[in-house]
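**Q** My file is structure-v4.txt. It has compact mmCIF, C-alpha atoms:
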```txt
# COMPACT_ATOMS: atom_id res chain seq x y z
CA MET F 1 -13.86 134.11 -23.06
CA ASN F 2 -12.55 133.35 -19.60
CA HIS F 3 -14.21 133.02 -16.23
CA TYR F 4 -14.18 136.80 -15.76
CA THR F 5 -16.23 137.51 -18.86
CA PHE F 6 -19.73 136.75 -17.58
CA PRO F 7 -19.39 138.47 -14.21
CA ILE F 8 -18.02 141.58 -15.92
CA LEU F 9 -20.78 141.51 -18.53
CA LEU F 10 -23.46 141.04 -15.88
CA GLY F 11 -22.00 143.87 -13.80
CA MET F 12 -21.93 146.15 -16.83
CA LEU F 13 -25.49 145.29 -17.72
CA VAL F 14 -26.73 146.02 -14.21
CA GLY F 15 -24.78 149.29 -14.14
CA ILE F 16 -26.20 150.47 -17.44
CA ILE F 17 -29.75 149.48 -16.53
CA THR F 18 -29.39 151.32 -13.20
CA ARG F 19 -28.28 154.45 -15.03
CA LEU F 20 -31.14 154.11 -17.53
CA ILE F 21 -33.69 153.76 -14.73
CA MET F 22 -32.37 156.93 -13.13
CA LEU F 23 -32.32 158.82 -16.42
CA LYS F 24 -35.91 159.92 -16.44
CA THR F 25 -36.93 162.97 -18.44
CA ASP F 26 -40.08 164.49 -16.99
CA THR F 27 -42.07 167.65 -17.69
CA ARG F 28 -39.00 169.75 -17.05
CA GLN F 29 -37.42 168.17 -20.15
CA TYR F 30 -33.98 167.81 -18.74
CA PRO F 31 -31.80 166.11 -19.91
CA THR F 32 -33.05 167.03 -23.35
CA ARG F 33 -34.42 164.11 -25.29
CA LEU F 34 -32.13 161.94 -27.35
CA HIS F 35 -28.85 163.83 -27.65
CA GLY F 36 -28.72 165.09 -24.09
CA LYS F 37 -29.57 161.59 -22.96
CA ILE F 38 -26.95 159.90 -25.12
CA VAL F 39 -24.20 161.84 -23.32
CA HIS F 40 -25.39 160.48 -20.00
CA ILE F 41 -25.92 156.95 -21.25
CA ALA F 42 -22.34 156.96 -22.57
CA MET F 43 -21.01 158.20 -19.23
CA GLY F 44 -23.13 155.60 -17.44
CA PHE F 45 -21.65 152.94 -19.71
CA ILE F 46 -18.11 153.98 -18.76
CA ALA F 47 -19.08 154.04 -15.07
CA ALA F 48 -20.58 150.55 -15.36
CA ILE F 49 -17.43 149.15 -17.00
CA LEU F 50 -15.22 150.65 -14.30
CA GLY F 51 -17.41 149.25 -11.54
CA ALA F 52 -17.50 145.83 -13.15
CA VAL F 53 -13.75 145.42 -13.63
CA ALA F 54 -12.78 146.47 -10.11
CA ILE F 55 -13.21 143.02 -8.51
CA PRO F 56 -11.55 141.02 -11.34
CA SER F 57 -8.55 143.35 -11.21
CA ILE F 58 -8.20 142.78 -7.48
CA MET F 59 -8.43 139.03 -8.07
CA LYS F 60 -5.74 139.24 -10.71
CA LYS F 61 -3.65 141.32 -8.31
CA ASP F 62 -3.58 144.07 -10.88
CA PHE F 63 -3.76 146.92 -8.40
CA SER F 64 -2.58 149.55 -10.82
CA ALA F 65 -5.84 149.03 -12.72
CA LEU F 66 -7.68 150.04 -9.55
CA THR F 67 -5.89 153.36 -9.38
CA PHE F 68 -7.58 154.21 -12.64
CA LEU F 69 -10.81 154.41 -10.69
CA THR F 70 -9.55 157.65 -9.18
CA LEU F 71 -8.97 158.98 -12.68
CA ALA F 72 -12.51 158.02 -13.53
CA ALA F 73 -13.80 159.98 -10.54
CA SER F 74 -12.32 163.16 -11.96
CA GLN F 75 -14.02 162.38 -15.27
CA PHE F 76 -17.37 162.28 -13.54
CA ARG F 77 -16.66 165.47 -11.70
CA ASP F 78 -16.45 167.00 -15.15
CA VAL F 79 -20.02 165.84 -15.73
CA ARG F 80 -21.05 168.15 -12.93
CA ASN F 81 -19.11 171.05 -14.46
CA MET F 82 -20.57 170.34 -17.86
CA GLU F 83 -24.13 170.32 -16.55
CA ARG F 84 -23.58 173.42 -14.47
CA ASN F 85 -22.12 175.37 -17.39
CA THR F 86 -24.82 174.31 -19.83
CA LEU F 87 -27.68 175.10 -17.47
CA GLN F 88 -26.21 178.43 -16.42
CA GLN F 89 -25.84 179.44 -20.05
CA LEU F 90 -29.42 178.46 -20.77
CA ASP F 91 -30.79 180.10 -17.64
CA GLY F 92 -30.36 183.58 -19.10
CA PHE F 93 -32.92 182.73 -21.77
CA GLU F 94 -35.57 181.32 -19.47
CA LEU F 95 -38.57 183.56 -18.80
CA VAL F 96 -38.43 182.36 -15.21
CA PRO F 97 -34.86 181.23 -14.46
CA ARG F 98 -34.05 178.09 -12.51
CA GLY F 99 -31.58 179.84 -10.23
CA SER F 100 -28.11 178.71 -9.20
CA THR F 101 -29.23 176.53 -6.29
CA TYR F 102 -31.49 174.45 -8.53
CA ILE F 103 -28.78 174.18 -11.20
CA GLU F 104 -26.18 173.09 -8.66
CA GLY F 105 -28.63 170.47 -7.38
CA ILE F 106 -29.24 169.09 -10.87
CA ALA F 107 -25.50 169.00 -11.64
CA LEU F 108 -24.82 167.22 -8.36
CA VAL F 109 -27.46 164.61 -9.13
CA PHE F 110 -25.98 163.88 -12.54
CA GLU F 111 -22.55 163.29 -11.04
CA SER F 112 -23.80 161.13 -8.21
CA ARG F 113 -25.92 158.94 -10.48
CA ASN F 114 -22.83 157.86 -12.36
CA TYR F 115 -21.29 156.76 -9.07
CA LEU F 116 -24.49 154.88 -8.25
CA ALA F 117 -24.27 153.08 -11.59
CA MET F 118 -20.64 152.25 -10.83
CA MET F 119 -21.56 150.96 -7.39
CA ALA F 120 -24.38 148.81 -8.78
CA SER F 121 -22.07 147.05 -11.25
CA PHE F 122 -19.37 146.69 -8.58
CA VAL F 123 -21.79 145.05 -6.14
CA THR F 124 -23.10 142.73 -8.86
CA THR F 125 -19.69 141.42 -9.92
CA PHE F 126 -18.67 141.15 -6.29
CA ALA F 127 -21.70 139.01 -5.45
CA TYR F 128 -21.13 136.88 -8.56
CA PHE F 129 -17.56 136.06 -7.49
CA ALA F 130 -18.23 135.83 -3.76
CA PHE F 131 -20.93 133.19 -4.15
CA ASN F 132 -19.63 131.97 -7.47
CA SER F 133 -23.12 132.04 -8.92
CA PRO F 134 -24.82 134.22 -11.52
CA ILE F 135 -28.05 134.10 -9.47
CA ALA F 136 -26.28 135.84 -6.57
CA GLY F 137 -25.11 138.46 -9.06
CA VAL F 138 -28.62 139.01 -10.37
CA ILE F 139 -30.05 139.27 -6.83
CA ALA F 140 -27.36 141.80 -5.87
CA GLY F 141 -28.15 143.69 -9.08
CA ILE F 142 -31.87 143.84 -8.28
CA ALA F 143 -31.10 144.95 -4.73
CA SER F 144 -28.91 147.73 -6.05
CA PHE F 145 -31.74 148.90 -8.34
CA PHE F 146 -33.89 149.42 -5.28
CA VAL F 147 -31.10 151.19 -3.37
CA ALA F 148 -30.54 153.48 -6.37
CA LYS F 149 -34.26 154.12 -6.66
CA ALA F 150 -34.51 154.98 -2.96
CA LEU F 151 -31.51 157.30 -3.17
CA MET F 152 -32.94 158.94 -6.26
CA SER F 153 -36.15 160.21 -4.75
CA GLY F 154 -35.56 163.24 -2.55
CA SER F 155 -38.26 164.88 -0.50
CA ARG F 156 -40.87 167.19 -1.98
CA LEU F 157 -42.19 170.53 -0.84
CA GLN F 158 -45.54 169.02 0.17
CA ASP F 159 -43.70 167.10 2.90
CA ILE F 160 -42.56 170.26 4.64
CA VAL F 161 -45.23 172.90 3.92
CA GLU F 162 -48.98 173.40 3.77
CA ILE F 163 -50.08 175.07 0.55
CA GLU F 164 -53.08 177.36 0.49
CA HIS F 165 -54.58 179.41 -2.34
CA VAL F 166 -55.04 183.04 -1.35
CA PRO F 167 -56.56 185.74 -3.56
CA LEU F 168 -54.31 188.64 -4.55
CA ARG F 169 -55.12 192.14 -3.41
CA PHE F 170 -53.84 195.65 -4.05
CA ASP F 171 -53.40 198.22 -1.34
CA GLY F 172 -52.68 201.39 -3.31
CA ALA F 173 -49.86 200.39 -5.63
CA GLY F 174 -48.69 197.54 -3.38
CA LEU F 175 -49.49 193.96 -4.34
CA TYR F 176 -50.17 191.72 -1.36
CA ILE F 177 -50.75 188.04 -0.66
CA ASP F 178 -52.44 187.91 2.73
CA ASN F 179 -50.25 190.35 4.69
CA ILE F 180 -47.11 189.68 2.66
CA TYR F 181 -45.97 192.54 0.46
CA ILE F 182 -44.92 191.33 -2.99
CA MET F 183 -44.15 194.40 -5.09
CA ASN F 184 -45.20 197.86 -6.25
CA ILE F 185 -47.21 197.93 -9.46
CA GLY F 186 -48.00 201.48 -10.46
CA LEU F 187 -50.02 201.40 -13.65
CA PRO F 188 -53.74 200.56 -13.37
CA ALA F 189 -53.55 198.63 -16.65
CA ARG F 190 -50.77 196.43 -15.25
CA GLN F 191 -52.70 195.95 -11.99
CA LYS F 192 -55.67 194.75 -14.00
CA GLU F 193 -53.52 192.23 -15.86
CA ILE F 194 -52.10 190.96 -12.59
CA MET F 195 -55.56 190.53 -11.08
CA GLN F 196 -56.65 188.70 -14.23
CA TYR F 197 -53.72 186.32 -14.68
CA GLY F 198 -52.06 186.24 -11.27
CA MET F 199 -52.49 183.66 -8.55
CA GLY F 200 -51.38 183.79 -4.96
CA PHE F 201 -50.35 180.91 -2.73
CA LEU F 202 -49.35 180.85 0.87
CA LEU F 203 -46.80 178.26 1.98
CA LYS F 204 -46.89 177.58 5.71
CA PRO F 205 -43.79 175.72 6.93
CA LYS F 206 -44.63 172.71 9.10
CA SER F 207 -41.50 172.98 11.24
CA MET F 208 -38.58 175.23 12.07
CA ASP F 209 -36.39 173.22 9.68
CA ALA F 210 -38.91 173.78 6.90
CA ASN F 211 -39.02 177.46 7.80
CA ILE F 212 -35.26 177.82 7.30
CA THR F 213 -35.22 175.68 4.15
CA LEU F 214 -37.99 177.76 2.65
CA SER F 215 -36.22 181.01 3.44
CA ASN F 216 -33.53 180.04 0.92
CA LEU F 217 -33.86 182.23 -2.17
CA GLY F 218 -32.78 179.39 -4.45
CA GLN F 219 -35.54 177.16 -3.11
CA ARG F 220 -38.11 179.88 -3.80
CA GLN F 221 -36.79 180.45 -7.30
CA ALA F 222 -37.12 176.71 -7.93
CA ILE F 223 -40.82 176.93 -7.00
CA LEU F 224 -41.39 179.80 -9.44
CA HIS F 225 -39.52 178.00 -12.20
CA ASP F 226 -41.38 174.73 -11.75
CA VAL F 227 -44.76 176.48 -11.77
CA ALA F 228 -43.79 178.33 -14.96
CA VAL F 229 -42.76 175.04 -16.56
CA GLY F 230 -45.78 173.11 -15.31
CA LEU F 231 -48.51 175.62 -16.10
CA GLY F 232 -46.89 178.12 -18.45
CA VAL F 233 -46.27 181.76 -17.65
CA VAL F 234 -47.96 185.00 -18.72
CA ARG F 235 -44.80 186.93 -19.37
CA ASP F 236 -42.53 188.04 -22.18
CA SER F 237 -39.22 189.81 -22.61
CA GLY F 238 -40.86 193.24 -22.86
CA THR F 239 -43.10 192.92 -19.81
CA PRO F 240 -40.87 193.28 -16.77
CA ALA F 241 -43.80 194.06 -14.47
CA LEU F 242 -45.28 190.59 -14.98
CA VAL F 243 -42.77 188.70 -12.91
CA PRO F 244 -43.50 185.79 -10.58
CA LEU F 245 -42.12 186.42 -7.09
CA ALA F 246 -41.98 184.70 -3.71
CA LYS F 247 -41.65 186.82 -0.59
CA ARG F 248 -41.39 185.93 3.06
CA ASP F 249 -43.30 187.00 6.12
CA LEU F 250 -40.57 188.01 8.54
CA ASN F 251 -42.70 187.19 11.59
CA ASP F 252 -43.48 183.55 11.01
CA GLY F 253 -41.56 182.50 7.89
CA ARG F 254 -44.61 181.95 5.70
CA ILE F 255 -43.94 182.41 2.01
CA GLY F 256 -46.27 184.29 -0.32
CA VAL F 257 -45.88 182.91 -3.83
CA PHE F 258 -47.13 185.10 -6.65
CA VAL F 259 -47.31 183.33 -10.01
CA LEU F 260 -48.78 184.08 -13.43
CA PRO F 261 -49.76 180.72 -14.85
CA GLN F 262 -51.07 180.45 -18.39
CA GLU F 263 -53.28 177.58 -17.28
CA GLN F 264 -55.57 179.03 -14.62
CA ASP F 265 -56.05 175.90 -12.56
CA VAL F 266 -55.65 176.28 -8.81
CA LYS F 267 -55.65 172.55 -8.06
CA LYS F 268 -52.94 171.85 -10.60
CA ALA F 269 -50.87 174.76 -9.36
CA ILE F 270 -51.03 173.45 -5.79
CA GLN F 271 -49.97 170.04 -7.09
CA VAL F 272 -47.05 171.50 -9.00
CA ILE F 273 -45.87 173.52 -6.01
CA GLY F 274 -46.22 170.45 -3.79
CA ASN F 275 -44.07 168.43 -6.18
CA VAL F 276 -41.19 170.90 -6.27
CA PRO F 277 -38.15 169.09 -4.92
CA THR F 278 -36.65 170.41 -1.70
CA LEU F 279 -33.20 171.29 -2.92
CA GLU F 280 -30.34 169.50 -1.22
CA ASN F 281 -28.41 172.74 -0.97
CA ALA F 282 -31.30 174.54 0.70
CA ILE F 283 -32.14 171.95 3.34
CA ARG F 284 -31.14 172.89 6.87
CA LEU F 285 -31.79 170.65 9.83
CA SER F 286 -31.40 172.98 12.77
CA SER F 287 -33.45 170.60 14.92
CA GLU F 288 -30.60 168.08 14.72
CA ALA F 289 -27.98 170.56 15.84
CA PRO F 290 -26.43 170.04 19.28
CA LYS F 291 -27.83 172.15 22.10
CA GLY F 292 -26.59 175.70 22.06
CA ARG F 293 -26.52 175.83 18.27
CA ARG F 294 -30.23 175.24 17.96
CA THR F 295 -32.48 177.91 16.59
CA SER F 296 -35.54 176.91 18.58
CA MET O 1 -19.95 197.91 -7.81
CA ILE O 2 -22.75 196.17 -9.69
CA LEU O 3 -26.01 198.06 -9.87
CA GLU O 4 -29.06 195.90 -9.27
CA LYS O 5 -31.68 198.60 -9.66
CA CYS O 6 -31.68 201.93 -11.40
CA ILE O 7 -34.25 204.73 -11.73
CA LEU O 8 -34.54 205.45 -15.44
CA ALA O 9 -37.22 208.13 -15.43
CA VAL O 10 -39.54 210.11 -13.16
CA ILE O 11 -43.02 211.01 -14.39
CA THR O 12 -45.03 213.50 -12.42
CA THR O 13 -47.65 216.22 -12.56
CA ASP O 14 -45.83 218.30 -9.95
CA ALA O 15 -42.31 219.03 -11.19
CA SER O 16 -41.55 221.42 -8.36
CA LYS O 17 -41.02 218.52 -5.95
CA PHE O 18 -38.32 216.78 -7.95
CA ALA O 19 -34.77 217.40 -9.01
CA GLY O 20 -31.81 215.16 -9.57
CA GLY O 21 -30.17 212.74 -11.94
CA ALA O 22 -33.06 210.89 -13.55
CA PRO O 23 -34.88 212.33 -16.57
CA LEU O 24 -38.03 214.09 -15.44
CA PHE O 25 -41.25 214.02 -17.47
CA THR O 26 -43.81 216.60 -16.44
CA CYS O 27 -47.43 215.92 -17.38
CA HIS O 28 -50.57 218.02 -17.17
CA SER O 29 -53.01 215.37 -16.03
CA THR O 30 -53.15 211.96 -14.35
CA GLU O 31 -54.26 210.37 -17.64
CA GLU O 32 -51.29 211.84 -19.46
CA MET O 33 -49.00 210.68 -16.66
CA GLU O 34 -50.30 207.11 -16.92
CA PHE O 35 -49.99 207.21 -20.71
CA VAL O 36 -46.37 208.38 -20.55
CA ALA O 37 -45.54 205.85 -17.82
CA THR O 38 -47.06 202.99 -19.85
CA ASN O 39 -45.07 203.97 -22.91
CA LEU O 40 -41.83 204.44 -21.02
CA GLU O 41 -42.32 201.11 -19.27
CA ALA O 42 -42.49 199.36 -22.63
CA ILE O 43 -39.66 201.37 -24.20
CA LEU O 44 -37.20 201.18 -21.32
CA ASP O 45 -38.06 197.62 -20.26
CA GLY O 46 -38.39 198.77 -16.68
CA ILE O 47 -41.26 198.56 -14.20
CA ALA O 48 -43.49 201.59 -13.54
CA HIS O 49 -43.80 201.97 -9.77
CA ARG O 50 -46.10 204.48 -8.12
CA LEU O 51 -44.34 206.43 -5.38
CA GLN O 52 -47.15 208.88 -4.61
CA GLU O 53 -50.48 209.66 -6.20
CA ASN O 54 -48.87 211.95 -8.76
CA VAL O 55 -45.44 210.34 -9.13
CA TYR O 56 -44.36 207.35 -11.18
CA ILE O 57 -40.80 206.10 -11.44
CA ILE O 58 -39.51 203.67 -14.02
CA VAL O 59 -37.09 201.27 -12.37
CA LYS O 60 -34.88 198.81 -14.18
CA HIS O 61 -34.43 195.61 -12.16
CA PHE O 62 -31.38 193.80 -13.45
```
Spell out the structure here as structure tokens.

**A**
Amino acid sequence: MNHYTFPILLGMLVGIITRLIMLKTDTRQYPTRLHGKIVHIAMGFIAAILGAVAIPSIMKKDFSALTFLTLAASQFRDVRNMERNTLQQLDGFELVPRGSTYIEGIALVFESRNYLAMMASFVTTFAYFAFNSPIAGVIAGIASFFVAKALMSGSRLQDIVEIEHVPLRFDGAGLYIDNIYIMNIGLPARQKEIMQYGMGFLLKPKSMDANITLSNLGQRQAILHDVAVGLGVVRDSGTPALVPLAKRDLNDGRIGVFVLPQEQDVKKAIQVIGNVPTLENAIRLSSEAPKGRRTS
Amino acid sequence: MILEKCILAVITTDASKFAGGAPLFTCHSTEEMEFVATNLEAILDGIAHRLQENVYIIVKHF
């Protein structure tokens, strides 16, 4: 035991707790319970140790130890690759796939959360040494929890669109939501099934930015996937005609979302759609572009 | 080139209108046409789309 022990331990503790707070498995069941989580807790543990020893190694003038941080960064980049590969492999067996944009977003989040854990433990040990008091360390730790929590919560679809339930209709063989053409369903039996199980929603973008974000195919696939996970889906491997789809009105950018939820609850469906995360890779902020590059 | 869609079969009551690469199924009535289309949809794992009143095509969407 020396005078570095407690600051390092405190930093590690804060780092691990930060990672645990951010490791929340919700309805989407990812990371998978227990084993999937253990991988991330272990990585968070390593991140926390690295963050905690950075300041003591500077104080001991052991700068070579610091260079190991760069090595660690490449380790965490592998987390992203690992997540991406796993999810892409699994996506082929989903009835309604997540889509690459969603997968890339999830992988990115897993990598960045390790860095957040590292930062939290770094800040904690730094505060401990700077003020030479464990209380300062604890306060810095608590502050970093809040920063991590704030960084963790991205925006949701309900922030950028208005969601409205619209009945489905057939015009000949064409399936429509309002005036948006979804697809051609030929067989009367299939049309009947779609009218029985299908639900239509209209997403009206609140701004030009939302309009462009919503036009992203990955963002739309994420909506379909989340609805299928939240409410179930009336679909199987041998029923290609029963496929949830989201199509766009070319005139005003409204999106017609056609879903086949097992649980026929409009209110819940609107809630689920509203809670779909706006994917980082789909967000475009044309309104912040300099003049001349602006879309509107 | 990767194909994203492919016509697997054409089902019709008027064979005189069609020729080409896809297998053509000629039926005598609308009921028979729907019956064949339903079966082919399930067998081929494609979607039965209606092109005209008397024409169905089975399309595989990859």

**Q** Would you mind listing, for every residue of chain F within 7 Å of chain O, the two atoms forming the shortest contact and the distance between them in Å to one decimal, using all atoms listed in the file, sorted by chain and ascending residue number, as CSV?

**A**
```
residue,atom,partner,partner_atom,distance
F:Ala173,CA,O:Arg50,CA,6.1
F:Asn184,CA,O:His49,CA,5.6
F:Ile185,CA,O:His49,CA,5.3
F:Gly186,CA,O:Arg50,CA,4.3
F:Leu187,CA,O:Ala48,CA,6.5
F:Gly238,CA,O:Asp45,CA,5.8
F:Thr239,CA,O:Asp45,CA,6.9
F:Pro240,CA,O:Ile47,CA,5.9
F:Ala241,CA,O:Ile47,CA,5.2
```

**Q** When you look at Thr26 (chain O) with a cut-off of 10 Å (counting only C-alpha atoms), what residues show up, excluding the ones that are within fewer than 4 positions of it in the same chain? I need them as number ranges by chain.

**A** O: 10-16, 32-33, 36, 55

**Q** Which value, in Å to one decimal, gives the distance between CA of His225 (chain F) and CA of Tyr102 (chain F)?

**A**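 Between CA of His225 (chain F) and CA of Tyr102 (chain F) the gap works out to 9.5 Å.
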
**Q** With 5 Å of padding per side, what axis-aligned box (centre and edge lengths, Å, one decimal) covers all the listed atoms of region 2-18 of chain O? Give it as lines of an AutoDock Vina configuration file.

**A**
```
center_x = -35.2
center_y = 208.7
center_z = -10.7
size_x = 34.9
size_y = 35.5
size_z = 19.5
```

**Q** From the list F:Val96, F:Ala148, F:Ala143, F:Leu69, which residue is nearest Leu23 (chain F) when using only C-alpha atoms?

**A** F:Ala148

**Q** If we draw a sphere of 10 Å around (-50.6, 170.7, -3.9), which residues have at least one atom in it when counting only C-alpha atoms? Please report them as an MDAnalysis selection string.

**A** chainID F and resid 157:158 161:165 266:276

**Q** What does the structure give for the distance between CA of Gly11 (chain F) and CA of Thr125 (chain F), in Å to one decimal?

**A**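 Straight-line distance from CA of Gly11 (chain F) to CA of Thr125 (chain F) works out to 5.1 Å.
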
**Q** So what do you get for CA of Ile41 (chain F) versus CA of Leu20 (chain F), distance-wise?

**A**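 That distance, rounded to one decimal, is 7.0 Å.
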
**Q** Which of these, O:Asn39, O:Glu4, O:Ala9, O:Phe62, has the shortest distance to Leu24 (chain O) once you count only C-alpha atoms?

**A**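 Among the listed residues, the smallest separation from Leu24 (chain O) belongs to O:Ala9.
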
**Q** Counting all atoms listed in the file, what is within 10 Å of Lys247 (chain F), bar same-chain residues fewer than 3 positions away, as an MDAnalysis selection string?

**A** chainID F and resid 176:177 180:183 202 215 217 220 250 253:258

**Q** Kindly export the residues of the current selection with C-alpha atoms, as a compact mmCIF listing (two decimals), keeping the file's coordinate frame.

**A**
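Generated file (again.txt):
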```txt
# COMPACT_ATOMS: atom_id res chain seq x y z
CA TYR F 176 -50.17 191.72 -1.36
CA ILE F 177 -50.75 188.04 -0.66
CA ILE F 180 -47.11 189.68 2.66
CA TYR F 181 -45.97 192.54 0.46
CA ILE F 182 -44.92 191.33 -2.99
CA MET F 183 -44.15 194.40 -5.09
CA LEU F 202 -49.35 180.85 0.87
CA SER F 215 -36.22 181.01 3.44
CA LEU F 217 -33.86 182.23 -2.17
CA ARG F 220 -38.11 179.88 -3.80
CA LEU F 250 -40.57 188.01 8.54
CA GLY F 253 -41.56 182.50 7.89
CA ARG F 254 -44.61 181.95 5.70
CA ILE F 255 -43.94 182.41 2.01
CA GLY F 256 -46.27 184.29 -0.32
CA VAL F 257 -45.88 182.91 -3.83
CA PHE F 258 -47.13 185.10 -6.65
```
